[in-house]
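Notes to accompany the following structure.
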Amino acid sequence: MTANSLDAVSVDAGERPWLVALRRLIRRPGALIGLAVVIFFVVLALVSPLVSPYDPLATDWRAVRKPPSALHFFGTDDLGRDVLARLIWGARASLMAGLVSVSIALAVAVPLGLVSGYLGGVVDGLVMRMVDAMLAIPFLILAIALAAFLGPNLTNAMIAIGVAQTPIFTRLTRGQVLAVRHEDYIEAARAVGNPHRRILLRHILPNVLAPIIVQATLAIAGAIIAEAALSFLGLGQPPPAPSWGSMLYTASHFLSQAPWMAVWPGLAIFGLVLSFNLLGDGLRDALDPRRG
Amino acid sequence: MSTFLLRRLALVLPTLFFVSLLVFGLQQLLPGDAALALAGEERDPGVVAFLRHKYHLDEALPVRYVLWLKGVLSGDLGESIRIKRPVRDLILEKLPVTAELAVLAIVIALSIGLPMGILAAVKNDSAVDYAATMTALWGRSIPNFWLGILLILLFSVEWGLLPASGFVSPAESLSRNLATLIMPAFVLGNALAAVLMRHTRSAMLEVLSADYVRTARAKGLSEAQVVLHHALRNALVPVITLGALEFGELLSGAVLTEQVFTIPGFGKLIVDAVFNRDYAVVQGVVLCTAIAFILLNLIADFAYALVNPRLRG
Amino acid sequence: MINWRTLIATCLFGFTLSGGAAVAQTLRIGLAEDPDMLDPTLSRTFVSYVVRTALCDKLFDIGLEQEIVPQLASQWEWTDDKRGLVIKLRPGVKFHDGEPFDAVAAKFSIERHLTMPGSTRKSDISAISRVEIIDDHTAKLVMSTPFAPLLAQLATSAGTMMSPKAAQAAGENFGSHPVCAGPFKFVERVVQDRIVLERFADYWDKDKIKLDRIVYLPIPDTTVRLANLQSGGLDLTQVAATDLDTVRKDPRPKLAAVNGIGYSGITINVANGERSKTPFGQDARVRQALELSIDREALNQVVFNGEYQPGNQWVPPTNSYYDKERPIPARDIAKAKALLAAAAAPNPVVAMTVTNNPVVLQTAQVIQAMAKESGFDMRIQATEFASALQLSAKGDFEAFLLGWTGRIDPDGNIYNLITCNSPFNDGHYCSPEVDRELDAARGVEARVDRMFHYRIAAEHLLLDLPIIYLYHPKWLYAMSARLSGFTSYPDGLIRPQGLRLD
C-alpha cells in the first residue's frame, strides 16, 4: 500500500478530510506565506483607524503631490492626502471587493449548480446553455457592461464582478455533482429514503466543496484585479473614499509628475493578489488526493 | 463520433440564442440616453429626435431586438451611431489588429511558459520548481494595465527605445509593427504564460510517470530525448486544448492593454462604444467574440473526444 | 567599361532621394479622442473640428483677438437693418475635386447645414431664412430677425463650404471622404488609429502652407500622449495643465498657451422638477454663500497648477465683453455663514453631480472641502457621462459641475444656456428681464451697445446665480523643437498656415 492510499483509507475511516488537508497545507511554504500575507492585510483592514498616520480624507492644499518624505512616508496625492493612509484604508475596499464579489457568485452559483447537476434533464440543459452564453462573453467585458449598467460605485462594481463570476462556479459545482451523483453512498442514501434536499446538503455538498474552495480563493484574487480594472476605467469606487483601484485611476494621470501615487497601490494590489493565488494553489495541492 | 458531433452542434444553438439576448439586453438596458449622448454639446432637439428615429431608439425593446436579430442573420450588424460606419466594416478592420496582438502574446506565452513548465516538471519539488511557480504567479497577479504603464514609462519615456502608443500595420513596415506590439504583447502574454506553465507542468508530471516513458528510459535514451521527444509530445495535447479556452481571458486582457497602449483593436472599440452608448458596435463585437469562443470550445471538445473516446459516450 | 548614362542616372536618383529626404514635412498631431464623423454638417465633436480646420475652409475665420477676418468670403455688408448680409466670395477658389467655389456652392453648403436631417449646425444659423444668389460670386443671406452673432457663427463649422458635386454624390457618407476647399485634402482614415491629410496643390492661399502631410493620432491617455511627444512620436499636442511642469523640465519640447473661450462652472437646478425644491435650489442667498466659500485662485492653483484663468462670468476676465464692475469675489467664509443663517439653512446638503473624469472629480473634491468650512454638506455623485446628460436634461440633479467649450461670440456662451426654455438650460432658470436684454444684445452690432445690455443681464445673473462660473481653461500646447510658426488661437483650433518642420 502506498502512502496515498493510506491517506485514502484514513479518510474513509472517518478522519475529517479537513484536518488532513490542513496538515498538508502547513507543510507547503508558498501557501503559508500566502496565508500570512492575507491575514496581514485583513488585520490591517480591521485596525486601519488605529494604524493610519493621517485621516485618508484630509486634504492639504500646500502639500499637493509631494514625493515621499519623513512627514509622508509614501508621499501625497493630487489633493494633498497622505498616500500611506489611503493605502491602509484602501485595504478595506479591495478586500471587500474580493470577498463580497465571490460571496455573491457563490450564493447564486452553488445552489444553482447543485440543483442543475442533481436534477439533470431539461433543467440542467437550460441552465448550462445560459451558463455557456455568459461564459462566451469575455469576463471583463461582461463586468464593464454590468458596471456601466448599474452605475459607478463600489457596491455596483462588486455586484458586477460577482455576477460575471457566477457561470464559472455554476459549471464547477455542477461538474462536481455529476461526478459524485452515482457514487455508492449517494445511491445508498437514496435507497434508504432520504429526501432530496437532505441528500444535496448532507451528502453531496460536503464532497464537492474542496474544488469550489480552491476556485473561490483564486477568484478572490481575480475579483481584486477586476475591481482595480473597473476603477481604472472609471467604473469603480468614486472619490473621496480610498480604494486601491481608484487610487491607480487618479495616479495614471500624474505618472510622470508623481509616480509614487501609482507605485504603491499597484504594489499593494499585486501583493494581495499574489498571496491569494499562493493560498489557492496551496489549497489545490493540499486538497488533491493525488499529491502528497 | 458523428452523433457526438451533431449533438454538440445542436447544443450550440440555444447557447447562441441566450448570447444574443444577453448581449442585446446588456447594451439596451444601459442607463442614459444614447441620442442625447451622441447629439453633441448643442443637444439640438431636432438632432436628438432625428437620432432617436433613425436608430429606432424610440421603439419598444422587443421590437428593437427583432430588428437587430433580423439584421444579424442577414449579415448586417448595424451602424456605429458615433462614426456612421457599418459595424461589420469596423470589425473586419479591427480584427486583424487584435488577432496579431493575441498571436504575439501566445508566442511570448509559449516561449516563456513551455520551457518553464517542462523545467519545473523535470525538477519537480526542487528550488527550481518553486522559483518557476513563483514567476508564474507573478504573471497572474500583476494588474496588467499597471504593468503596461510602467513599461511605457521605462522603455518609451526614459530610454526612448519603443513607441509609447499607436499601431503600424505589418504591410506598412514589419519592424515598426513589431515595435508597437512588443510591449502590449508582453503584458498580455505574461499572464497567459503563467497559465500555460502550470498546465504544462501538471501535464508533464502526469506523462513523466507513465509507462512508455519508463520504457524509453530503460531503452537507454538520453533524458533530453525522453523529455522532449516522448513526454512533451503527449503533454502538449491537453496544454493546447486548455490553452484554447483561455481565449476569453486573452480578450479580457486585450481590452485594458489596448486602452493603455492605444492599439486600435477590438478591446478599445468595445470600451469606447460602451461609454458612448454606441449600441450596435458593442452588440456586434461581443456577439462575434462570443461566437468565436463557442467555436473554439467546440474544437477543444472534439480534440478531447478524439483523444479520449470515453468522453464521446 | 563604365556606363555613363547609368552612372549619371544613379547619381541623379541618389540626389533626388537625399533631397527629398532632407526635410520630411509630415506633421503628427496628437488628439484627445477619436473624432466622430468628418462631415461638417453632422459632426459633433471638438476634435473633429480640429481636423476639419486643415481640411475645410469657412466663409469667415477669426484672428487672434477673436475678430472676424475673411476666408472664403472676401467682403461683407449688412443690409436691411441687420436682416440681410451680402457676402462677396473670393474668386479663383477650387474644391479638392477641382470644382469651382461660387455662389451656387455657398448656397448649397448653407442649405445643407440648415436642412439636412441630423444636422448639428442648424441651431447655429437658424436665423437664416433663405440664401439668394446675386451673381457668380455674390450671395445674400436673408434673416427672419436681426442677428448680430451671424458672422461669428459663419466663422465656425456652420460656415464650412463643401463641394456640391461630392456632397450630392456621397449623401450621408460624405464624412468618410470629405471634399472641401481647405489647404489639405483627405487621404485616409483608420478609425481610432489615424487620419491622414495631404497638401492640396490648388489651395487659394498656398504660399502659407509649408507642410506636405498632416497625420492626426487620437491618443486619449494624457500620459501616453505626452510620452509620445517626448520620445518623438508626435510633433504637436495639447497638454493638460498638470503636465506642464513635466514638459518644462524636458529641454526638448516647446510650449505655447492662449486663453480659451470656454468656461467651467456649476449649473444649479432652480426650477426643473422635484429636485429643485431645496434651499440651495430655491434661495439665491444659499447659492451666493456657496460662491463665497470658493477660493477660485486656490482652486486654479491646486487643480491646474495656476495655469488656467479663474472667472465669475460667462466670458473670461481678459475678454472685452467682461463686466469689469463685477470682478471675481474673494473668499469670505464669515459672509457666507451670515447668508446661510439669513436663509435659515445653516447646513445645506447639496448633491453635486460630476462626470467620471479625474480633473472634474478633483475640482469637485476641492469645492467640497472649501464649502465644508461654511457649513455645506456637499455629496459628490460621480456618474458616467452619458447617464449624467440624461439625468441633467430630466432635472434629476441639484448641482452639476460642467464645462462649455465656448463660442467666439459672447452670445454663444450665454443665450442658449440661460434663456427661458432654451435647449440646454437644464436648471430651467427663467428671467424675462434677462431674456429681454440678451435678445436686445443680438440686435445691435457695436460692442458698446451690446455691453450695455450684457451689463444689465449680468446684474441679475450674478445675484441669482443659476450658474456659478469657476474658471476658464486655456489651450496649452507642447510641440517638438522642430516645429516653427505655431500660433495658438482662442478657439483652440490648429491652423496649418505658417507651420513648418525643420
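Ordering of the C-alpha cells sets the chain letters (A, B, ...); residue numbers start at 1 within each chain; ligands are numbered from 1 in the order shown.
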Which residues are near segment 18-22 of chain A? Cut-off 8 Å, only C-alpha atoms, ignore same chain within fewer than 6 positions. Put them as a PDB file with N, CA and C atoms, in the first residue's frame.
ATOM      1  N   LEU A 283      -3.930  25.361  -1.445  1.00  0.00           N
ATOM      2  CA  LEU A 283      -5.147  24.618  -1.125  1.00  0.00           C
ATOM      3  C   LEU A 283      -5.411  23.546  -2.162  1.00  0.00           C
ATOM      4  N   ALA A 286      -3.063  20.787  -1.606  1.00  0.00           N
ATOM      5  CA  ALA A 286      -3.332  20.089  -0.346  1.00  0.00           C
ATOM      6  C   ALA A 286      -4.585  19.236  -0.432  1.00  0.00           C
ATOM      7  N   LEU A 287      -5.597  19.735  -1.147  1.00  0.00           N
ATOM      8  CA  LEU A 287      -6.856  19.011  -1.192  1.00  0.00           C
ATOM      9  C   LEU A 287      -6.885  17.953  -2.281  1.00  0.00           C
TER      10      LEU A 287
END
Apply DSSP to the backbone of this structure and, from segment 163-279 of chain C, keep only the residues in strand (DSSP E or B); write these as a PyMOL selection string. chain C and resi 180+184-190+194-199+213-218+236-238+254-259+263-268
Write out as a list in words which residues come within 12 Å of Asp205 of chain C when counting only C-alpha atoms, dropping same-chain ones fewer than 6 positions away. Asp57, Gln71, Leu72, Arg90, Pro91, Gly92, Val93, Lys94, Ala181, Gly182, Pro183, Phe184, Arg199, Pro496, Gln497 and Gly498 of chain C
Produce a file of the selected residues containing N, CA and C atoms, as a PDB file, in the first residue's frame.
ATOM      1  N   ASP C  57     -12.184  75.048 -45.514  1.00  0.00           N
ATOM      2  CA  ASP C  57     -12.213  76.470 -45.223  1.00  0.00           C
ATOM      3  C   ASP C  57     -13.655  76.922 -45.016  1.00  0.00           C
ATOM      4  N   GLN C  71     -12.251  84.677 -45.065  1.00  0.00           N
ATOM      5  CA  GLN C  71     -11.550  83.472 -45.507  1.00  0.00           C
ATOM      6  C   GLN C  71     -12.021  83.161 -46.933  1.00  0.00           C
ATOM      7  N   LEU C  72     -13.146  82.451 -47.075  1.00  0.00           N
ATOM      8  CA  LEU C  72     -13.655  82.228 -48.420  1.00  0.00           C
ATOM      9  C   LEU C  72     -14.558  83.377 -48.867  1.00  0.00           C
ATOM     10  N   ARG C  90     -14.653  84.978 -52.571  1.00  0.00           N
ATOM     11  CA  ARG C  90     -13.312  85.068 -53.148  1.00  0.00           C
ATOM     12  C   ARG C  90     -13.270  84.351 -54.502  1.00  0.00           C
ATOM     13  N   PRO C  91     -12.736  84.992 -55.519  1.00  0.00           N
ATOM     14  CA  PRO C  91     -12.693  84.333 -56.824  1.00  0.00           C
ATOM     15  C   PRO C  91     -11.504  83.381 -56.949  1.00  0.00           C
ATOM     16  N   GLY C  92     -11.573  82.452 -57.867  1.00  0.00           N
ATOM     17  CA  GLY C  92     -10.446  81.563 -58.176  1.00  0.00           C
ATOM     18  C   GLY C  92     -10.219  80.475 -57.154  1.00  0.00           C
ATOM     19  N   VAL C  93     -11.226  80.185 -56.322  1.00  0.00           N
ATOM     20  CA  VAL C  93     -11.039  79.137 -55.317  1.00  0.00           C
ATOM     21  C   VAL C  93     -11.563  77.825 -55.867  1.00  0.00           C
ATOM     22  N   LYS C  94     -10.822  76.738 -55.618  1.00  0.00           N
ATOM     23  CA  LYS C  94     -11.267  75.427 -56.094  1.00  0.00           C
ATOM     24  C   LYS C  94     -11.482  74.482 -54.919  1.00  0.00           C
ATOM     25  N   ALA C 181     -12.584  72.941 -49.468  1.00  0.00           N
ATOM     26  CA  ALA C 181     -11.668  73.862 -50.136  1.00  0.00           C
ATOM     27  C   ALA C 181     -10.533  74.277 -49.223  1.00  0.00           C
ATOM     28  N   GLY C 182     -10.158  73.431 -48.280  1.00  0.00           N
ATOM     29  CA  GLY C 182      -9.112  73.800 -47.344  1.00  0.00           C
ATOM     30  C   GLY C 182      -7.713  73.492 -47.860  1.00  0.00           C
ATOM     31  N   PRO C 183      -6.674  73.848 -47.096  1.00  0.00           N
ATOM     32  CA  PRO C 183      -5.306  73.678 -47.560  1.00  0.00           C
ATOM     33  C   PRO C 183      -4.877  72.222 -47.722  1.00  0.00           C
ATOM     34  N   PHE C 184      -5.576  71.291 -47.074  1.00  0.00           N
ATOM     35  CA  PHE C 184      -5.201  69.880 -47.169  1.00  0.00           C
ATOM     36  C   PHE C 184      -6.385  69.060 -47.622  1.00  0.00           C
ATOM     37  N   ARG C 199      -1.296  67.759 -48.759  1.00  0.00           N
ATOM     38  CA  ARG C 199      -1.416  69.131 -49.245  1.00  0.00           C
ATOM     39  C   ARG C 199      -2.224  69.215 -50.532  1.00  0.00           C
ATOM     40  N   PRO C 496      -3.032  75.231 -39.988  1.00  0.00           N
ATOM     41  CA  PRO C 496      -1.757  74.818 -40.584  1.00  0.00           C
ATOM     42  C   PRO C 496      -0.979  75.944 -41.266  1.00  0.00           C
ATOM     43  N   GLN C 497      -1.643  77.091 -41.474  1.00  0.00           N
ATOM     44  CA  GLN C 497      -0.951  78.177 -42.178  1.00  0.00           C
ATOM     45  C   GLN C 497       0.280  78.616 -41.386  1.00  0.00           C
ATOM     46  N   GLY C 498       1.431  78.579 -42.044  1.00  0.00           N
ATOM     47  CA  GLY C 498       2.655  79.048 -41.397  1.00  0.00           C
ATOM     48  C   GLY C 498       3.444  77.976 -40.668  1.00  0.00           C
TER      49      GLY C 498
END
Restrict the distance test to only C-alpha atoms, flag each residue of chain A within 9 Å of chain B, and return the flagged residues as a ChimeraX atom specification. /A:30,125-126,128-142,144-146,148-151,221-222,225-226,228-229,232-233,248,252,255-256,262-263,266-267,269-275,277-278
Long-range neighbours of Ala105 of chain A as a VMD selection string, 10 Å cut-off, only C-alpha atoms, 4 positions minimum in chain: chain A and resid 99 to 101 109 to 110 158 to 170 216 219
Please list as a PyMOL selection string every residue within 7 Å of Gly166 of chain B, counting only C-alpha atoms and excluding residues in the same chain fewer than 5 positions away. (chain B and resi 180+261-263) or (chain C and resi 193)
Those same residues - N, CA and C atoms - I'd like them written as a PDB file, in the first residue's frame.
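Below is the file result_3.pdb, written as the result:
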ATOM      1  N   THR B 180       5.661  48.419 -32.147  1.00  0.00           N
ATOM      2  CA  THR B 180       4.468  48.915 -31.451  1.00  0.00           C
ATOM      3  C   THR B 180       3.788  47.815 -30.668  1.00  0.00           C
ATOM      4  N   PHE B 261      -2.103  51.180 -24.339  1.00  0.00           N
ATOM      5  CA  PHE B 261      -1.151  51.385 -25.421  1.00  0.00           C
ATOM      6  C   PHE B 261      -1.773  51.997 -26.664  1.00  0.00           C
ATOM      7  N   THR B 262      -3.041  52.351 -26.580  1.00  0.00           N
ATOM      8  CA  THR B 262      -3.758  52.930 -27.714  1.00  0.00           C
ATOM      9  C   THR B 262      -3.586  52.098 -28.982  1.00  0.00           C
ATOM     10  N   ILE B 263      -3.898  50.829 -28.882  1.00  0.00           N
ATOM     11  CA  ILE B 263      -3.869  49.954 -30.060  1.00  0.00           C
ATOM     12  C   ILE B 263      -5.300  49.914 -30.599  1.00  0.00           C
TER      13      ILE B 263
ATOM     14  N   ASP C 193      -7.217  55.118 -35.033  1.00  0.00           N
ATOM     15  CA  ASP C 193      -5.784  54.990 -35.243  1.00  0.00           C
ATOM     16  C   ASP C 193      -5.199  56.269 -35.795  1.00  0.00           C
TER      17      ASP C 193
END
Give the residues of chain C that lie within 7 Å of chain A; count only C-alpha atoms, and format the answer as an MDAnalysis selection string. chainID C and resid 222:223 246 302 356 358 382:383
Identify all chain B residues at most 6 Å from chain C by counting only C-alpha atoms; ligands do not count. Present them as a PyMOL selection string. chain B and resi 31-33+37+40+47+50+82-83+157+160+164+264
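Distance-wise, atom CA of Ile128 of chain C and atom CA of Asp409 of chain C end up 17.1 Å apart.
Neighbours of Leu178 of chain A closer than or equal to 10 Å, with only C-alpha atoms counted and sequence neighbours fewer than 5 positions away skipped, come out as A:Gly113, A:Leu114, A:Ser116, A:Gly117, A:Tyr118, A:Leu119, A:Gly120, A:Leu172, A:Thr173, A:Glu183, A:Ile204, A:Val208.
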Restricting the output to C-alpha atoms, write the selected residues as a PDB file, in the first residue's frame.
ATOM      1  CA  GLY A 113     -25.093  24.139  -9.763  1.00  0.00           C
ATOM      2  CA  LEU A 114     -26.277  21.685  -7.137  1.00  0.00           C
ATOM      3  CA  SER A 116     -28.846  21.630 -12.026  1.00  0.00           C
ATOM      4  CA  GLY A 117     -26.415  18.746 -11.614  1.00  0.00           C
ATOM      5  CA  TYR A 118     -28.761  16.761  -9.414  1.00  0.00           C
ATOM      6  CA  LEU A 119     -31.911  17.141 -11.457  1.00  0.00           C
ATOM      7  CA  GLY A 120     -30.335  16.791 -14.859  1.00  0.00           C
ATOM      8  CA  LEU A 172     -17.746  23.809 -11.472  1.00  0.00           C
ATOM      9  CA  THR A 173     -20.365  22.865  -8.885  1.00  0.00           C
ATOM     10  CA  GLU A 183     -21.361   7.085  -6.015  1.00  0.00           C
ATOM     11  CA  ILE A 204     -23.325  15.817  -1.875  1.00  0.00           C
ATOM     12  CA  VAL A 208     -17.916  18.878  -3.751  1.00  0.00           C
TER      13      VAL A 208
END
Do you know which residues are at most 12 Å from Asn413 of chain C counting only C-alpha atoms, after dropping those on the same chain fewer than 2 positions away, and could you put them as a PyMOL selection string? (chain B and resi 42) or (chain C and resi 149+261-264+313-316+321+403-411+415-419+424-425+438+454+467+469+472)
Write out as JSON, numbers by chain all residues of segment 329-391 of chain C that backbone DSSP assigns to alpha helix (DSSP H). {"C": [333, 334, 335, 336, 337, 338, 339, 340, 341, 342, 358, 359, 360, 361, 362, 363, 364, 365, 366, 367, 368, 369, 370, 371, 372, 385, 386, 387, 388, 389, 390, 391]}
Expected file: the selected residues, C-alpha atoms, as a compact mmCIF listing (two decimals), in the first residue's frame:
# COMPACT_ATOMS: atom_id res chain seq x y z
CA ILE C 333 -16.49 82.46 4.97
CA ALA C 334 -17.97 84.86 7.51
CA LYS C 335 -20.26 86.45 4.95
CA ALA C 336 -21.18 83.00 3.60
CA LYS C 337 -22.20 81.83 7.05
CA ALA C 338 -24.22 85.01 7.57
CA LEU C 339 -26.06 84.45 4.30
CA LEU C 340 -26.83 80.86 5.23
CA ALA C 341 -28.13 81.98 8.61
CA ALA C 342 -30.31 84.62 6.96
CA PRO C 358 -10.23 62.79 -12.87
CA VAL C 359 -9.91 66.55 -13.37
CA VAL C 360 -13.59 67.13 -12.76
CA LEU C 361 -13.51 64.81 -9.76
CA GLN C 362 -10.58 66.64 -8.29
CA THR C 363 -12.27 70.03 -8.83
CA ALA C 364 -15.39 68.75 -7.10
CA GLN C 365 -13.44 67.49 -4.13
CA VAL C 366 -11.69 70.80 -3.71
CA ILE C 367 -15.02 72.61 -3.77
CA GLN C 368 -16.45 70.09 -1.34
CA ALA C 369 -13.64 70.73 1.11
CA MET C 370 -13.87 74.51 0.69
CA ALA C 371 -17.64 74.61 1.10
CA LYS C 372 -17.46 72.47 4.23
CA PHE C 385 -21.07 60.96 -18.97
CA ALA C 386 -23.94 59.52 -20.99
CA SER C 387 -26.08 58.93 -17.89
CA ALA C 388 -25.24 62.35 -16.46
CA LEU C 389 -26.55 64.11 -19.55
CA GLN C 390 -29.84 62.31 -19.39
CA LEU C 391 -30.25 62.96 -15.68
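One distance worth recording is that between atom CA of Ser52 of chain A and atom CA of Ala157 of chain A, which is 25.7 Å.
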Go ahead and compute the interatomic distance for atom CA of Glu172 of chain B and atom CA of Leu104 of chain B, in Å to one decimal. 17.8 Å
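Nearest to Asp245 of chain C of all the residues C:Thr160, C:Arg447, C:Ser144, C:Gly306 is C:Gly306, counting only C-alpha atoms.
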